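Student: File follows, start-v4.csv with CSV, N, CA, C and O atoms:
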chain,number,residue,atom,x,y,z
A,1,MET,N,0.8,-1.2,0.0
A,1,MET,CA,0.0,0.0,0.0
A,1,MET,C,0.9,1.2,0.0
A,1,MET,O,1.9,1.3,0.6
A,2,SER,N,0.5,2.3,-0.7
A,2,SER,CA,1.3,3.5,-0.7
A,2,SER,C,0.8,4.5,0.3
A,2,SER,O,-0.3,4.3,0.9
A,3,ALA,N,1.6,5.5,0.6
A,3,ALA,CA,1.2,6.5,1.6
A,3,ALA,C,-0.1,7.2,1.1
A,3,ALA,O,-0.3,7.4,-0.1
A,4,ILE,N,-0.9,7.5,2.1
A,4,ILE,CA,-2.2,8.1,1.8
A,4,ILE,C,-2.1,9.7,2.0
A,4,ILE,O,-1.6,10.1,3.0
A,5,SER,N,-2.6,10.4,1.1
A,5,SER,CA,-2.7,11.9,1.3
A,5,SER,C,-3.8,12.2,2.2
A,5,SER,O,-4.9,11.8,2.0
A,6,VAL,N,-3.5,13.0,3.2
A,6,VAL,CA,-4.5,13.3,4.3
A,6,VAL,C,-4.7,14.8,4.3
A,6,VAL,O,-3.8,15.6,4.1
A,7,ASN,N,-6.0,15.2,4.5
A,7,ASN,CA,-6.3,16.6,4.6
A,7,ASN,C,-7.3,16.7,5.8
A,7,ASN,O,-7.6,15.7,6.5
A,8,LYS,N,-7.8,17.9,6.1
A,8,LYS,CA,-8.6,18.1,7.3
A,8,LYS,C,-9.9,17.3,7.1
A,8,LYS,O,-10.5,16.9,8.2
A,9,ASN,N,-10.4,17.0,5.9
A,9,ASN,CA,-11.6,16.2,5.7
A,9,ASN,C,-11.5,14.7,6.1
A,9,ASN,O,-12.5,14.1,6.5
A,10,ASN,N,-10.3,14.1,5.8
A,10,ASN,CA,-10.2,12.7,6.1
A,10,ASN,C,-9.2,12.4,7.3
A,10,ASN,O,-8.9,11.3,7.5
A,11,PHE,N,-8.7,13.4,7.9
A,11,PHE,CA,-7.8,13.3,9.0
A,11,PHE,C,-8.3,12.4,10.1
A,11,PHE,O,-7.6,11.4,10.6
A,12,ASN,N,-9.5,12.6,10.6
A,12,ASN,CA,-10.1,11.8,11.7
A,12,ASN,C,-10.2,10.4,11.3
A,12,ASN,O,-9.8,9.5,12.1
A,13,GLN,N,-10.7,10.1,10.2
A,13,GLN,CA,-10.9,8.7,9.7
A,13,GLN,C,-9.5,8.0,9.5
A,13,GLN,O,-9.4,6.9,10.0
A,14,GLU,N,-8.6,8.7,8.8
A,14,GLU,CA,-7.3,8.0,8.5
A,14,GLU,C,-6.3,8.0,9.6
A,14,GLU,O,-5.5,7.0,9.7
A,15,VAL,N,-6.3,9.0,10.5
A,15,VAL,CA,-5.3,9.1,11.6
A,15,VAL,C,-5.9,8.8,12.9
A,15,VAL,O,-5.5,7.8,13.6
A,16,LEU,N,-6.8,9.6,13.4
A,16,LEU,CA,-7.3,9.5,14.8
A,16,LEU,C,-8.0,8.2,15.0
A,16,LEU,O,-7.9,7.6,16.1
A,17,ASN,N,-8.8,7.7,14.0
A,17,ASN,CA,-9.6,6.5,14.2
A,17,ASN,C,-8.9,5.2,13.6
A,17,ASN,O,-9.5,4.2,13.6
A,18,SER,N,-7.6,5.3,13.3
A,18,SER,CA,-6.9,4.2,12.8
A,18,SER,C,-6.7,3.1,13.9
A,18,SER,O,-6.3,3.5,15.0
A,19,ASP,N,-6.8,1.9,13.5
A,19,ASP,CA,-6.6,0.8,14.4
A,19,ASP,C,-5.1,0.4,14.4
A,19,ASP,O,-4.7,-0.5,15.1
A,20,LYS,N,-4.3,1.0,13.5
A,20,LYS,CA,-2.9,0.8,13.4
A,20,LYS,C,-2.1,2.0,13.8
A,20,LYS,O,-2.7,3.1,13.7
A,21,PRO,N,-0.9,1.9,14.2
A,21,PRO,CA,0.0,3.1,14.4
A,21,PRO,C,0.1,3.8,13.1
A,21,PRO,O,0.0,3.2,12.0
A,22,VAL,N,0.2,5.2,13.1
A,22,VAL,CA,0.2,6.0,11.9
A,22,VAL,C,1.5,6.8,11.9
A,22,VAL,O,1.9,7.5,12.9
A,23,LEU,N,2.2,6.7,10.8
A,23,LEU,CA,3.4,7.5,10.5
A,23,LEU,C,2.9,8.7,9.6
A,23,LEU,O,2.5,8.5,8.5
A,24,MET,N,3.0,9.9,10.2
A,24,MET,CA,2.6,11.1,9.4
A,24,MET,C,3.8,11.8,8.9
A,24,MET,O,4.7,12.1,9.7
A,25,ASP,N,3.8,12.1,7.6
A,25,ASP,CA,4.9,12.9,7.0
A,25,ASP,C,4.4,14.3,6.6
A,25,ASP,O,3.6,14.4,5.7
A,26,PHE,N,4.8,15.3,7.4
A,26,PHE,CA,4.5,16.7,7.0
A,26,PHE,C,5.5,17.2,6.0
A,26,PHE,O,6.7,17.2,6.3
A,27,TRP,N,5.1,17.6,4.8
A,27,TRP,CA,6.0,17.9,3.8
A,27,TRP,C,5.4,19.0,2.9
A,27,TRP,O,4.3,19.5,3.1
A,28,ALA,N,6.3,19.5,1.9
A,28,ALA,CA,5.8,20.4,0.9
A,28,ALA,C,6.6,20.1,-0.4
A,28,ALA,O,7.8,19.7,-0.3
A,29,PRO,N,6.0,20.4,-1.6
A,29,PRO,CA,6.7,20.0,-2.8
A,29,PRO,C,8.0,20.8,-3.0
A,29,PRO,O,8.9,20.3,-3.7
A,30,TRP,N,8.1,22.0,-2.5
A,30,TRP,CA,9.3,22.8,-2.7
A,30,TRP,C,10.4,22.5,-1.7
A,30,TRP,O,11.5,23.1,-1.8
A,31,CYS,N,10.2,21.6,-0.8
A,31,CYS,CA,11.2,21.3,0.3
A,31,CYS,C,12.2,20.2,-0.2
A,31,CYS,O,11.8,19.1,-0.4
A,32,GLY,N,13.5,20.6,-0.3
A,32,GLY,CA,14.5,19.6,-0.7
A,32,GLY,C,14.6,18.5,0.2
A,32,GLY,O,14.6,17.3,-0.2
A,33,PRO,N,14.8,18.7,1.5
A,33,PRO,CA,14.9,17.5,2.4
A,33,PRO,C,13.6,16.7,2.4
A,33,PRO,O,13.7,15.4,2.6
A,34,CYS,N,12.4,17.3,2.2
A,34,CYS,CA,11.2,16.5,2.1
A,34,CYS,C,11.3,15.5,0.9
A,34,CYS,O,10.9,14.4,1.0
A,35,ARG,N,11.8,16.0,-0.2
A,35,ARG,CA,12.0,15.1,-1.4
A,35,ARG,C,12.9,14.0,-1.2
A,35,ARG,O,12.8,12.9,-1.8
A,36,MET,N,13.9,14.1,-0.2
A,36,MET,CA,14.8,13.0,0.1
A,36,MET,C,14.0,12.0,1.0
A,36,MET,O,14.3,10.8,0.9
A,37,VAL,N,13.1,12.4,1.8
A,37,VAL,CA,12.3,11.5,2.7
A,37,VAL,C,11.2,10.8,2.0
A,37,VAL,O,10.9,9.7,2.3
A,38,VAL,N,10.6,11.4,1.0
A,38,VAL,CA,9.4,10.8,0.3
A,38,VAL,C,9.6,9.4,-0.1
A,38,VAL,O,8.8,8.5,0.2
A,39,PRO,N,10.7,9.1,-0.8
A,39,PRO,CA,10.9,7.7,-1.3
A,39,PRO,C,11.0,6.7,-0.1
A,39,PRO,O,10.5,5.6,-0.2
A,40,LEU,N,11.6,7.2,1.0
A,40,LEU,CA,11.8,6.3,2.1
A,40,LEU,C,10.4,6.0,2.8
A,40,LEU,O,10.1,4.9,3.1
A,41,VAL,N,9.6,7.1,2.9
A,41,VAL,CA,8.3,6.9,3.5
A,41,VAL,C,7.4,6.0,2.6
A,41,VAL,O,6.7,5.2,3.1
A,42,GLU,N,7.5,6.2,1.3
A,42,GLU,CA,6.8,5.3,0.4
A,42,GLU,C,7.2,3.9,0.5
A,42,GLU,O,6.4,2.9,0.5
A,43,GLU,N,8.5,3.6,0.6
A,43,GLU,CA,9.0,2.3,0.8
A,43,GLU,C,8.5,1.6,2.1
A,43,GLU,O,8.0,0.5,2.1
A,44,ILE,N,8.5,2.4,3.2
A,44,ILE,CA,7.9,1.9,4.4
A,44,ILE,C,6.4,1.6,4.3
A,44,ILE,O,6.0,0.6,4.8
A,45,ALA,N,5.7,2.4,3.6
A,45,ALA,CA,4.3,2.2,3.4
A,45,ALA,C,4.0,0.9,2.6
A,45,ALA,O,3.1,0.2,2.9
A,46,LYS,N,4.9,0.6,1.7
A,46,LYS,CA,4.7,-0.6,0.9
A,46,LYS,C,5.2,-1.9,1.7
A,46,LYS,O,4.6,-3.0,1.5
A,47,GLU,N,6.2,-1.7,2.5
A,47,GLU,CA,6.8,-2.9,3.2
A,47,GLU,C,6.0,-3.2,4.5
A,47,GLU,O,6.1,-4.4,4.9
A,48,ARG,N,5.4,-2.3,5.1
A,48,ARG,CA,4.9,-2.5,6.5
A,48,ARG,C,3.3,-2.5,6.5
A,48,ARG,O,2.7,-1.4,6.4
A,49,SER,N,2.7,-3.6,6.6
A,49,SER,CA,1.2,-3.7,6.6
A,49,SER,C,0.7,-3.4,8.0
A,49,SER,O,-0.5,-3.3,8.2
A,50,ASP,N,1.6,-3.4,9.0
A,50,ASP,CA,1.2,-3.3,10.4
A,50,ASP,C,1.0,-1.8,10.8
A,50,ASP,O,0.6,-1.5,11.9
A,51,ILE,N,1.4,-0.9,9.9
A,51,ILE,CA,1.2,0.6,10.2
A,51,ILE,C,0.5,1.2,9.0
A,51,ILE,O,0.5,0.7,7.9
A,52,LYS,N,0.0,2.4,9.2
A,52,LYS,CA,-0.5,3.3,8.2
A,52,LYS,C,0.4,4.4,8.0
A,52,LYS,O,0.9,5.0,8.9
A,53,VAL,N,0.7,4.8,6.7
A,53,VAL,CA,1.6,5.9,6.4
A,53,VAL,C,0.8,7.0,5.7
A,53,VAL,O,0.1,6.6,4.7
A,54,VAL,N,0.8,8.2,6.2
A,54,VAL,CA,0.1,9.3,5.5
A,54,VAL,C,1.0,10.5,5.3
A,54,VAL,O,2.0,10.7,6.0
A,55,LYS,N,0.7,11.2,4.3
A,55,LYS,CA,1.4,12.4,3.9
A,55,LYS,C,0.5,13.6,4.0
A,55,LYS,O,-0.7,13.6,3.6
A,56,ILE,N,1.0,14.7,4.6
A,56,ILE,CA,0.3,15.9,4.8
A,56,ILE,C,1.0,17.1,4.2
A,56,ILE,O,2.1,17.4,4.7
A,57,ASN,N,0.5,17.7,3.1
A,57,ASN,CA,1.1,18.8,2.5
A,57,ASN,C,0.8,20.1,3.3
A,57,ASN,O,-0.3,20.5,3.4
A,58,VAL,N,1.9,20.6,3.9
A,58,VAL,CA,1.7,21.8,4.8
A,58,VAL,C,1.2,23.0,4.2
A,58,VAL,O,0.6,23.9,4.8
A,59,ASP,N,1.5,23.2,2.9
A,59,ASP,CA,1.0,24.3,2.1
A,59,ASP,C,-0.5,24.3,2.0
A,59,ASP,O,-1.2,25.3,2.1
A,60,GLU,N,-1.1,23.1,1.8
A,60,GLU,CA,-2.5,22.9,1.6
A,60,GLU,C,-3.2,22.7,3.0
A,60,GLU,O,-4.4,22.9,3.0
A,61,GLU,N,-2.5,22.2,4.0
A,61,GLU,CA,-3.2,21.9,5.2
A,61,GLU,C,-2.5,22.6,6.4
A,61,GLU,O,-2.0,22.0,7.3
A,62,GLN,N,-2.5,23.9,6.4
A,62,GLN,CA,-1.9,24.7,7.4
A,62,GLN,C,-2.5,24.5,8.8
A,62,GLN,O,-1.8,24.5,9.8
A,63,GLU,N,-3.8,24.2,8.8
A,63,GLU,CA,-4.4,24.0,10.1
A,63,GLU,C,-3.9,22.7,10.8
A,63,GLU,O,-3.6,22.7,12.0
A,64,LEU,N,-3.7,21.7,10.0
A,64,LEU,CA,-3.2,20.4,10.6
A,64,LEU,C,-1.7,20.6,11.0
A,64,LEU,O,-1.3,20.2,12.1
A,65,ALA,N,-0.9,21.4,10.2
A,65,ALA,CA,0.5,21.7,10.6
A,65,ALA,C,0.5,22.4,11.9
A,65,ALA,O,1.3,22.1,12.8
A,66,MET,N,-0.4,23.4,12.1
A,66,MET,CA,-0.4,24.2,13.3
A,66,MET,C,-0.8,23.3,14.5
A,66,MET,O,-0.3,23.4,15.6
A,67,GLN,N,-1.8,22.5,14.2
A,67,GLN,CA,-2.3,21.6,15.3
A,67,GLN,C,-1.2,20.7,15.9
A,67,GLN,O,-1.2,20.4,17.1
A,68,PHE,N,-0.2,20.3,15.0
A,68,PHE,CA,0.9,19.5,15.5
A,68,PHE,C,2.2,20.3,15.7
A,68,PHE,O,3.2,19.7,16.0
A,69,GLY,N,2.1,21.6,15.7
A,69,GLY,CA,3.2,22.4,16.0
A,69,GLY,C,4.4,22.3,15.0
A,69,GLY,O,5.5,22.5,15.4
A,70,VAL,N,4.0,22.0,13.8
A,70,VAL,CA,5.1,21.9,12.8
A,70,VAL,C,5.6,23.3,12.4
A,70,VAL,O,4.9,24.1,11.9
A,71,MET,N,6.9,23.5,12.7
A,71,MET,CA,7.6,24.7,12.4
A,71,MET,C,8.6,24.6,11.3
A,71,MET,O,8.9,25.5,10.6
A,72,SER,N,9.1,23.3,11.1
A,72,SER,CA,10.0,23.0,10.0
A,72,SER,C,9.6,21.7,9.4
A,72,SER,O,9.0,20.9,10.0
A,73,ILE,N,10.0,21.6,8.1
A,73,ILE,CA,9.7,20.3,7.4
A,73,ILE,C,10.9,19.7,6.8
A,73,ILE,O,11.9,20.5,6.5
A,74,PRO,N,11.0,18.4,6.6
A,74,PRO,CA,10.0,17.5,6.9
A,74,PRO,C,9.9,17.3,8.4
A,74,PRO,O,10.9,17.3,9.2
A,75,THR,N,8.7,17.0,8.9
A,75,THR,CA,8.4,16.6,10.3
A,75,THR,C,7.7,15.2,10.2
A,75,THR,O,6.7,15.1,9.5
A,76,LEU,N,8.2,14.3,10.9
A,76,LEU,CA,7.6,12.9,11.0
A,76,LEU,C,7.0,12.7,12.4
A,76,LEU,O,7.7,13.0,13.4
A,77,VAL,N,5.7,12.3,12.4
A,77,VAL,CA,5.0,12.1,13.7
A,77,VAL,C,4.4,10.7,13.7
A,77,VAL,O,3.9,10.3,12.7
A,78,VAL,N,4.6,10.0,14.8
A,78,VAL,CA,4.0,8.7,14.9
A,78,VAL,C,2.9,8.8,16.0
A,78,VAL,O,3.1,9.3,17.1
A,79,MET,N,1.7,8.3,15.6
A,79,MET,CA,0.6,8.3,16.5
A,79,MET,C,0.1,6.9,16.7
A,79,MET,O,0.0,6.1,15.8
A,80,LYS,N,-0.3,6.6,17.9
A,80,LYS,CA,-0.9,5.4,18.3
A,80,LYS,C,-2.1,5.7,19.1
A,80,LYS,O,-2.0,6.5,20.1
A,81,ASN,N,-3.2,5.1,18.8
A,81,ASN,CA,-4.5,5.3,19.5
A,81,ASN,C,-4.8,6.8,19.7
A,81,ASN,O,-5.2,7.3,20.7
A,82,GLY,N,-4.5,7.6,18.6
A,82,GLY,CA,-4.9,9.0,18.6
A,82,GLY,C,-3.9,9.9,19.4
A,82,GLY,O,-4.2,11.1,19.6
A,83,LYS,N,-2.8,9.4,19.9
A,83,LYS,CA,-1.9,10.1,20.7
A,83,LYS,C,-0.5,10.1,20.0
A,83,LYS,O,0.0,9.1,19.5
A,84,ILE,N,0.2,11.3,20.1
A,84,ILE,CA,1.6,11.3,19.6
A,84,ILE,C,2.5,10.5,20.5
A,84,ILE,O,2.6,10.7,21.7
A,85,VAL,N,3.3,9.6,19.9
A,85,VAL,CA,4.2,8.8,20.6
A,85,VAL,C,5.7,9.1,20.2
A,85,VAL,O,6.6,8.8,20.9
A,86,ASN,N,5.9,9.8,19.1
A,86,ASN,CA,7.2,10.1,18.6
A,86,ASN,C,7.1,11.2,17.6
A,86,ASN,O,6.1,11.2,16.8
A,87,GLN,N,8.1,12.1,17.5
A,87,GLN,CA,8.1,13.2,16.6
A,87,GLN,C,9.5,13.6,16.3
A,87,GLN,O,10.3,13.8,17.3
A,88,VAL,N,9.9,13.8,15.1
A,88,VAL,CA,11.2,14.3,14.7
A,88,VAL,C,11.1,15.3,13.6
A,88,VAL,O,10.1,15.2,12.8
A,89,THR,N,12.0,16.2,13.5
A,89,THR,CA,12.0,17.2,12.4
A,89,THR,C,13.4,17.0,11.7
A,89,THR,O,14.4,16.8,12.3
A,90,GLY,N,13.3,17.1,10.3
A,90,GLY,CA,14.5,17.0,9.5
A,90,GLY,C,14.5,15.6,8.8
A,90,GLY,O,13.9,14.7,9.3
A,91,ALA,N,15.3,15.6,7.7
A,91,ALA,CA,15.4,14.3,7.0
A,91,ALA,C,16.1,13.3,7.8
A,91,ALA,O,17.1,13.6,8.6
A,92,ARG,N,15.7,12.1,7.7
A,92,ARG,CA,16.3,11.0,8.5
A,92,ARG,C,16.5,9.8,7.6
A,92,ARG,O,15.7,9.6,6.6
A,93,PRO,N,17.5,8.9,7.8
A,93,PRO,CA,17.6,7.7,7.1
A,93,PRO,C,16.5,6.7,7.4
A,93,PRO,O,15.9,6.9,8.5
A,94,LYS,N,16.3,5.8,6.5
A,94,LYS,CA,15.2,4.9,6.7
A,94,LYS,C,15.2,4.1,8.1
A,94,LYS,O,14.2,4.0,8.7
A,95,ALA,N,16.4,3.7,8.5
A,95,ALA,CA,16.6,3.0,9.8
A,95,ALA,C,16.1,3.8,10.9
A,95,ALA,O,15.5,3.3,11.9
A,96,GLN,N,16.4,5.1,10.9
A,96,GLN,CA,15.9,6.0,12.0
A,96,GLN,C,14.4,6.2,12.0
A,96,GLN,O,13.8,6.2,13.0
A,97,ILE,N,13.8,6.3,10.8
A,97,ILE,CA,12.4,6.4,10.7
A,97,ILE,C,11.7,5.1,11.2
A,97,ILE,O,10.8,5.2,12.0
A,98,LEU,N,12.3,3.9,10.8
A,98,LEU,CA,11.7,2.7,11.3
A,98,LEU,C,11.9,2.6,12.8
A,98,LEU,O,11.0,2.0,13.5
A,99,ALA,N,13.0,3.1,13.4
A,99,ALA,CA,13.2,3.0,14.8
A,99,ALA,C,12.1,3.8,15.6
A,99,ALA,O,11.8,3.5,16.7
A,100,MET,N,11.6,4.9,15.0
A,100,MET,CA,10.5,5.7,15.6
A,100,MET,C,9.3,4.8,15.9
A,100,MET,O,8.5,5.2,16.8
A,101,LEU,N,9.1,3.8,15.0
A,101,LEU,CA,7.8,3.1,15.1
A,101,LEU,C,7.9,2.1,16.2
A,101,LEU,O,6.9,1.6,16.7
Starting from the coordinates I provided, produce the structure as structure tokens.

Tutor:
Amino acid sequence: MSAISVNKNNFNQEVLNSDKPVLMDFWAPWCGPCRMVVPLVEEIAKERSDIKVVKINVDEEQELAMQFGVMSIPTLVVMKNGKIVNQVTGARPKAQILAML
């Protein structure tokens, strides 16, 4: 499965009500480090059926970015049962992203 694009309309359904842990990638198309992380996030989405991976474009979803205190991108957030359990800012290698989970 590939990463799911999330916006304010489907956020509750895809993230808060998920029965699996959720890896959220806050990104923007103009962000160089974000473009480095996108292929890694997509790989994780395809490899791991035990988690849900979502992408949130901060240009289009400023409310969600503000809700999570996103000041810099990329920001990766892991949520379980509707609560933040891990959060990092900046590009990370795949092993570090997996370690967050």

Student: Find the distance between atom O of Leu64 of chain A and atom N of Leu40 of chain A and write it in Å to one decimal.

Tutor: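 Rounded to one decimal, the two atoms are 21.4 Å apart.
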
Student: Do a neighbour search on Lys52 of chain A at 8 Å with only N, CA, C and O atoms, toss out local chain neighbours closer than 4 positions, and write the hits as a list in words.

Tutor: Ser2, Ala3, Ile4, Glu14, Val15, Ser18, Asp19, Lys20, Pro21, Val22, Leu23, Met24, Asp25, Ile44, Ala45, Arg48, Val77, Val78 and Met79 of chain A

Student: Between atom CA of Cys31 of chain A and atom CA of Pro74 of chain A, what is the spacing in Å?

Tutor: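 Atom-to-atom, atom CA of Pro74 of chain A and atom CA of Cys31 of chain A are spaced 7.7 Å apart.
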
Student: Pick out each residue of segment 1-79 of chain A that DSSP on the backbone tags as alpha helix (DSSP H); I need them as an MDAnalysis selection string.

Tutor: chainID A and resid 11 32:47 62:67

Student: Dig up all the protein and nucleic acid residues within 8 Å of (14.9, 19.8, 12.5) in the file frame, using only C-alpha atoms, and format them as an MDAnalysis selection string.

Tutor: chainID A and resid 72:75 88:91

Student: Nearest to Val85 of chain A among A:Phe11, A:Val53, A:Met100, A:Ser5, with distances taken over only N, CA, C and O atoms: which residue is it?

Tutor: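 So, comparing all the options, the nearest one is A:Met100.
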
Student: Which residue gives the smallest distance to Gln96 of chain A among A:Gly82, A:Lys8, A:Lys55, A:Val41, with only C-alpha atoms counted?

Tutor: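 The answer is A:Val41, which sits nearest to Gln96 of chain A.
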
Student: Could you tell me how far atom CA of Gln62 of chain A lies from atom CA of Ala28 of chain A, in Å and to one decimal?

Tutor: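 Value for the atom CA of Gln62 of chain A-atom CA of Ala28 of chain A distance: 11.0 Å.
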
Student: Running DSSP on the backbone, which parts of chain A land in strand (DSSP E), as a PyMOL selection string?

Tutor: chain A and resi 4-5+22-27+52-57+75-80+83-89

Student: Could you work out an axis-aligned box for segment 8-16 of chain A, taking every atom the file lists and adding 8 Å on each side, and report centre and edge lengths in Å to one decimal, as JSON?

Tutor:
{"center_x": -8.9, "center_y": 12.5, "center_z": 10.9, "size_x": 23.2, "size_y": 27.2, "size_z": 26.4}

Student: Which is closest to Asn17 of chain A among A:Val70, A:Glu60, A:Asn81, A:Ile51, if we use all atoms listed in the file?

Tutor: A:Asn81
